[in-house]
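Colleague: Provided herewith: upload_5.cif, mmCIF, C-alpha atoms and all ligand atoms.
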```cif
data_entry
#
loop_
_atom_site.label_atom_id
_atom_site.label_comp_id
_atom_site.auth_asym_id
_atom_site.auth_seq_id
_atom_site.Cartn_x
_atom_site.Cartn_y
_atom_site.Cartn_z
CA MET A 1 91.57 23.53 -66.23
CA LYS A 2 89.67 26.64 -67.16
CA THR A 3 86.83 24.48 -68.53
CA ALA A 4 86.68 22.45 -65.33
CA THR A 5 86.46 25.62 -63.23
CA THR A 6 83.71 27.02 -65.45
CA LEU A 7 81.77 23.76 -65.25
CA SER A 8 82.02 23.62 -61.48
CA LEU A 9 80.86 27.25 -61.28
CA ILE A 10 77.86 26.38 -63.47
CA ALA A 11 77.15 23.33 -61.28
CA ALA A 12 77.37 25.46 -58.12
CA ALA A 13 75.04 28.07 -59.64
CA ALA A 14 72.55 25.35 -60.63
CA LEU A 15 72.59 23.88 -57.13
CA THR A 16 72.05 27.32 -55.59
CA THR A 17 69.10 27.92 -57.93
CA MET A 18 67.60 24.51 -57.08
CA ALA A 19 67.94 25.19 -53.36
CA ALA A 20 66.33 28.62 -53.77
CA GLN A 21 63.43 27.11 -55.73
CA ALA A 22 62.95 24.40 -53.12
CA ALA A 23 62.89 27.02 -50.35
CA HIS A 24 60.46 29.18 -52.32
CA HIS A 25 57.98 26.44 -53.19
CA GLY A 26 58.39 24.50 -49.99
CA GLY A 27 60.55 21.45 -49.67
CA GLY A 28 62.48 19.68 -47.00
CA GLU A 29 60.82 21.16 -43.90
CA LYS A 30 60.00 18.42 -41.43
CA ALA A 31 57.53 17.81 -38.64
CA THR A 32 56.52 14.89 -36.42
CA ALA A 33 53.52 13.72 -34.45
CA GLU A 34 53.27 11.25 -31.58
CA PHE A 35 49.88 9.54 -31.39
CA ILE A 36 47.98 8.64 -28.22
CA ASP A 37 44.72 6.76 -27.75
CA ARG A 38 41.81 7.54 -25.42
CA ASP A 39 43.80 6.03 -22.51
CA SER A 40 46.75 8.35 -23.27
CA THR A 41 48.81 5.31 -24.35
CA THR A 42 51.32 6.00 -27.12
CA ILE A 43 50.23 4.27 -30.33
CA GLY A 44 52.84 5.39 -32.85
CA THR A 45 54.32 8.23 -34.81
CA ALA A 46 54.07 10.26 -38.01
CA ASN A 47 56.89 11.93 -39.90
CA LEU A 48 55.95 14.74 -42.26
CA THR A 49 58.16 16.17 -45.00
CA GLU A 50 57.22 19.22 -47.05
CA SER A 51 57.56 18.81 -50.82
CA PRO A 52 57.16 21.48 -53.51
CA HIS A 53 53.55 20.38 -54.10
CA GLY A 54 52.34 18.74 -50.90
CA VAL A 55 53.33 16.88 -47.78
CA LEU A 56 54.71 13.35 -47.58
CA ILE A 57 53.37 11.57 -44.51
CA TYR A 58 54.97 8.43 -43.08
CA LEU A 59 52.78 6.69 -40.50
CA ASN A 60 53.81 3.89 -38.15
CA LEU A 61 51.02 2.92 -35.74
CA HIS A 62 50.18 0.11 -33.35
CA GLY A 63 47.60 -0.70 -30.68
CA LEU A 64 44.64 0.18 -32.89
CA PRO A 65 41.47 -1.85 -33.42
CA PRO A 66 41.72 -3.71 -36.77
CA GLY A 67 39.86 -2.56 -39.88
CA PRO A 68 39.33 0.64 -41.83
CA LYS A 69 39.81 3.91 -39.92
CA ALA A 70 39.46 7.49 -41.05
CA ILE A 71 42.39 9.82 -40.46
CA HIS A 72 42.23 13.58 -40.94
CA ILE A 73 44.23 16.68 -40.12
CA HIS A 74 42.19 18.65 -37.58
CA ALA A 75 42.50 22.41 -37.19
CA VAL A 76 43.88 22.81 -33.65
CA GLY A 77 47.12 21.25 -32.44
CA THR A 78 45.99 19.73 -29.17
CA CYS A 79 45.33 16.19 -27.94
CA ASP A 80 44.95 17.24 -24.29
CA ASP A 81 41.44 15.83 -23.87
CA PRO A 82 41.69 12.07 -24.57
CA GLU A 83 38.87 11.17 -22.17
CA ALA A 84 36.58 13.71 -23.82
CA GLY A 85 37.40 12.20 -27.23
CA PHE A 86 39.89 14.73 -28.61
CA LYS A 87 37.18 17.30 -29.25
CA ALA A 88 39.63 20.15 -28.56
CA SER A 89 41.29 19.50 -31.91
CA THR A 90 38.01 20.87 -33.38
CA GLY A 91 37.04 20.23 -37.03
CA HIS A 92 39.16 19.70 -40.10
CA LEU A 93 41.92 21.96 -41.30
CA ASN A 94 39.82 23.91 -43.80
CA PRO A 95 40.91 27.51 -44.43
CA HIS A 96 39.07 27.66 -47.77
CA GLY A 97 35.68 26.54 -46.41
CA LYS A 98 35.43 23.47 -48.65
CA LYS A 99 33.02 20.61 -48.09
CA HIS A 100 34.44 17.45 -46.56
CA GLY A 101 35.31 14.48 -48.72
CA LEU A 102 37.85 13.25 -51.25
CA MET A 103 34.87 12.11 -53.39
CA ASN A 104 32.88 15.33 -52.89
CA PRO A 105 32.58 17.66 -55.93
CA LYS A 106 32.56 20.62 -53.47
CA GLY A 107 35.56 19.27 -51.58
CA PRO A 108 37.92 18.19 -50.40
CA ASP A 109 38.80 20.16 -47.29
CA GLY A 110 42.44 20.72 -46.41
CA GLY A 111 42.50 17.99 -43.77
CA ASP A 112 41.03 15.17 -45.83
CA LEU A 113 43.12 12.00 -46.22
CA PRO A 114 42.56 8.42 -47.43
CA ASN A 115 41.51 5.75 -44.92
CA LEU A 116 43.92 3.55 -42.98
CA TYR A 117 43.35 -0.22 -43.03
CA VAL A 118 44.69 -1.48 -39.72
CA ARG A 119 45.97 -5.09 -39.69
CA GLU A 120 44.60 -7.79 -37.38
CA ASP A 121 47.56 -7.25 -35.02
CA GLY A 122 46.64 -3.56 -34.62
CA THR A 123 49.52 -2.18 -36.68
CA PHE A 124 49.56 0.10 -39.69
CA GLU A 125 52.51 1.41 -41.68
CA ALA A 126 52.49 3.45 -44.87
CA GLU A 127 53.79 6.51 -46.62
CA PHE A 128 51.26 8.69 -48.39
CA PHE A 129 50.97 12.17 -49.82
CA THR A 130 48.56 15.09 -49.60
CA THR A 131 48.51 17.97 -52.06
CA LEU A 132 45.87 19.75 -49.93
CA ALA A 133 48.09 20.90 -47.07
CA SER A 134 51.48 22.40 -46.39
CA LEU A 135 53.58 22.60 -43.24
CA GLY A 136 54.44 26.25 -43.85
CA GLY A 137 51.47 27.36 -45.96
CA HIS A 138 53.03 27.31 -49.42
CA GLY A 139 50.84 28.31 -52.33
CA ASP A 140 47.17 28.17 -51.37
CA ARG A 141 47.51 24.89 -49.51
CA ALA A 142 46.08 24.70 -45.98
CA LYS A 143 48.75 25.68 -43.45
CA ILE A 144 49.44 22.97 -40.84
CA LEU A 145 51.90 24.88 -38.64
CA ASP A 146 49.84 28.06 -38.17
CA GLU A 147 49.45 29.81 -34.78
CA ASP A 148 47.17 27.16 -33.26
CA GLY A 149 48.90 24.26 -35.05
CA ALA A 150 47.07 21.12 -36.19
CA ALA A 151 46.65 17.50 -35.14
CA PHE A 152 46.06 14.15 -36.82
CA VAL A 153 42.88 12.50 -35.59
CA ILE A 154 42.07 8.82 -36.16
CA HIS A 155 38.39 7.84 -36.07
CA GLN A 156 36.73 4.57 -35.12
CA ASN A 157 35.20 3.95 -38.55
CA ARG A 158 36.05 4.48 -42.19
CA ASP A 159 35.48 7.77 -43.98
CA ASP A 160 32.95 7.43 -46.83
CA HIS A 161 34.64 10.52 -48.38
CA ILE A 162 31.40 12.44 -48.98
CA THR A 163 29.02 12.63 -45.97
CA GLN A 164 29.19 15.89 -43.97
CA PRO A 165 30.97 16.80 -41.81
CA ILE A 166 33.40 13.86 -41.39
CA GLY A 167 32.28 11.09 -43.72
CA GLY A 168 30.45 9.09 -41.04
CA ALA A 169 33.78 8.30 -39.40
CA GLY A 170 32.42 8.19 -35.86
CA PRO A 171 34.20 8.78 -32.55
CA ARG A 172 37.82 9.91 -32.33
CA ILE A 173 40.09 7.13 -31.04
CA GLY A 174 43.58 8.50 -31.62
CA CYS A 175 45.30 11.88 -31.83
CA GLY A 176 48.75 13.25 -32.59
CA VAL A 177 49.81 16.90 -32.41
CA ILE A 178 51.93 17.89 -35.42
CA LYS A 179 55.13 19.58 -34.23
CA LYS A 180 58.07 21.09 -36.04
CU CU B 201 38.57 13.70 -38.35
#
```
Output the file's structure as C-alpha cells, nothing else.
Modeller:
Amino acid sequence: MKTATTLSLIAAAALTTMAAQAAHHGGGEKATAEFIDRDSTTIGTANLTESPHGVLIYLNLHGLPPGPKAIHIHAVGTCDDPEAGFKASTGHLNPHGKKHGLMNPKGPDGGDLPNLYVREDGTFEAEFFTTLASLGGHGDRAKILDEDGAAFVIHQNRDDHITQPIGGAGPRIGCGVIKK
C-alpha cells in the first residue's frame, strides 16, 4: 500500500514536471486560420499546434488552381485587401533579418515553408512542421502571435527557395489570418 502511494506520488511529480517543461518550451498552444481567395471566397482552413521545437501545421484547402504553389507566413495578420492582392500582410515573418529561402545559405526567414502541390480538383491536404516559427515566440523562433499577428499567404507559383525576396512565387492568391 505504502509502495503504491509512493509510486503514484512519483508519477504525479513526473507528470507535473513534464507539464511544466511543455509550458516552458512551448507545447500545446493552438491557433487557426481561415483562408480566402481574391474573391473573398473561403478556400479552407489551417490548424496550428505549438510543439517544444516548432509548429505543426495542418492544412485543408480547396478551390485553388492546380499545381505547385508557394505558401509563407507573412508578418502582418490581415487579409482585408483581397482585391489589392493581400499586400497588407506585408513581407515574410522575419524578425532576424534572414534572406528568403529554404535552400539559401543566408536563410531561411521565419516565414519560409515548403511548396504545396494542389491536386487537379483544386484540393490540398497535409500536415507539416516548421522549426522556424513559434505561436508564442519560444526560444529564438519567429513569433507568429505578436502584436500585429501574422497571416498565411498562398502564391500563384512555386517558391524556388532561393530567389529574393519571395522565391519567384508571383502574385498572392490566398490568405488566412492566424488567430488564437
Ligand atoms: Cu509569401
Colleague: Using all atoms listed in the file for the distances, tell me which of A:Thr42, A:Asn115, A:Gln164, A:Thr32 is nearest to His72 in chain A.
Modeller: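 Answer, going by the shortest atom-to-atom distance: A:Asn115.
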Colleague: Pick out the residues sitting within 6 Å of Cys79 in chain A, and hand them over as number ranges by chain; count only C-alpha atoms, and ignore anything fewer than 2 positions along from it in its own chain.
Modeller: A: 81, 86, 175
Colleague: Which residue, A:Leu116, A:Ile73, A:Ile144, A:Ala88, has the smallest gap to ligand CU 201 (chain B) when you use all atoms listed in the file?
Modeller: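 Smallest separation from ligand CU 201 (chain B) among the options: A:Ile73.
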Colleague: For ligand CU 201 (chain B), which residue among A:Pro95, A:Gly27, A:Gly110, A:Gly136 is the nearest when counting all atoms listed in the file?
Modeller: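 Checking each candidate against ligand CU 201 (chain B), we get A:Gly110 as the closest.
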Colleague: Residues within 12 Å of ligand CU 201 (chain B) should be enumerated using only C-alpha atoms and all ligand atoms and returned as a ChimeraX atom specification.
Modeller: /A:69-76,85-94,100-101,109-115,150-161,164-176
Colleague: Mind giving me the straight-line distance from CA of Gly54 in chain A to CA of Pro68 in chain A in Å, one decimal?
Modeller: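 Taking CA of Gly54 in chain A and CA of Pro68 in chain A, their separation equals 24.1 Å.
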Colleague: Counting all atoms listed in the file, which residue out of A:Thr130, A:Arg141, A:Ser40, A:Lys179 sits closest to Asp80 in chain A?
Modeller: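 Using all atoms listed in the file, Asp80 in chain A sits closest to A:Ser40.
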Colleague: What is the distance, in Å and to one decimal place, between CA of Phe128 in chain A and CA of Arg38 in chain A?
Modeller: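 CA of Phe128 in chain A sits 24.9 Å away from CA of Arg38 in chain A.
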Colleague: What does the distance from CA of Lys180 in chain A to CA of Asp37 in chain A come to in Å, to one decimal?
Modeller: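 These two atoms are separated by 21.3 Å.
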Colleague: Which residue out of A:Ile36, A:Leu102, A:Leu132, A:Ala142 has the minimum interatomic distance to Pro82 in chain A when all atoms listed in the file are used?
Modeller: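 Answer, going by the shortest atom-to-atom distance: A:Ile36.
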Colleague: A:Thr49, A:Lys106, A:Phe35, A:Gly44: which is nearest Leu135 in chain A, counting only C-alpha atoms?
Modeller: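 Going through A:Thr49, A:Lys106, A:Phe35, A:Gly44 one by one, the smallest distance to Leu135 in chain A is for A:Thr49.
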Colleague: Extract, using only C-alpha atoms, all DNA, RNA and protein residues at most 7 Å from Glu127 in chain A, discarding same-chain residues fewer than 4 positions from it, and format them as a list in words.
Modeller: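 Neighbouring residues, sequence-local ones excluded: Leu56, Ile57, Tyr58 and Leu59 of chain A.
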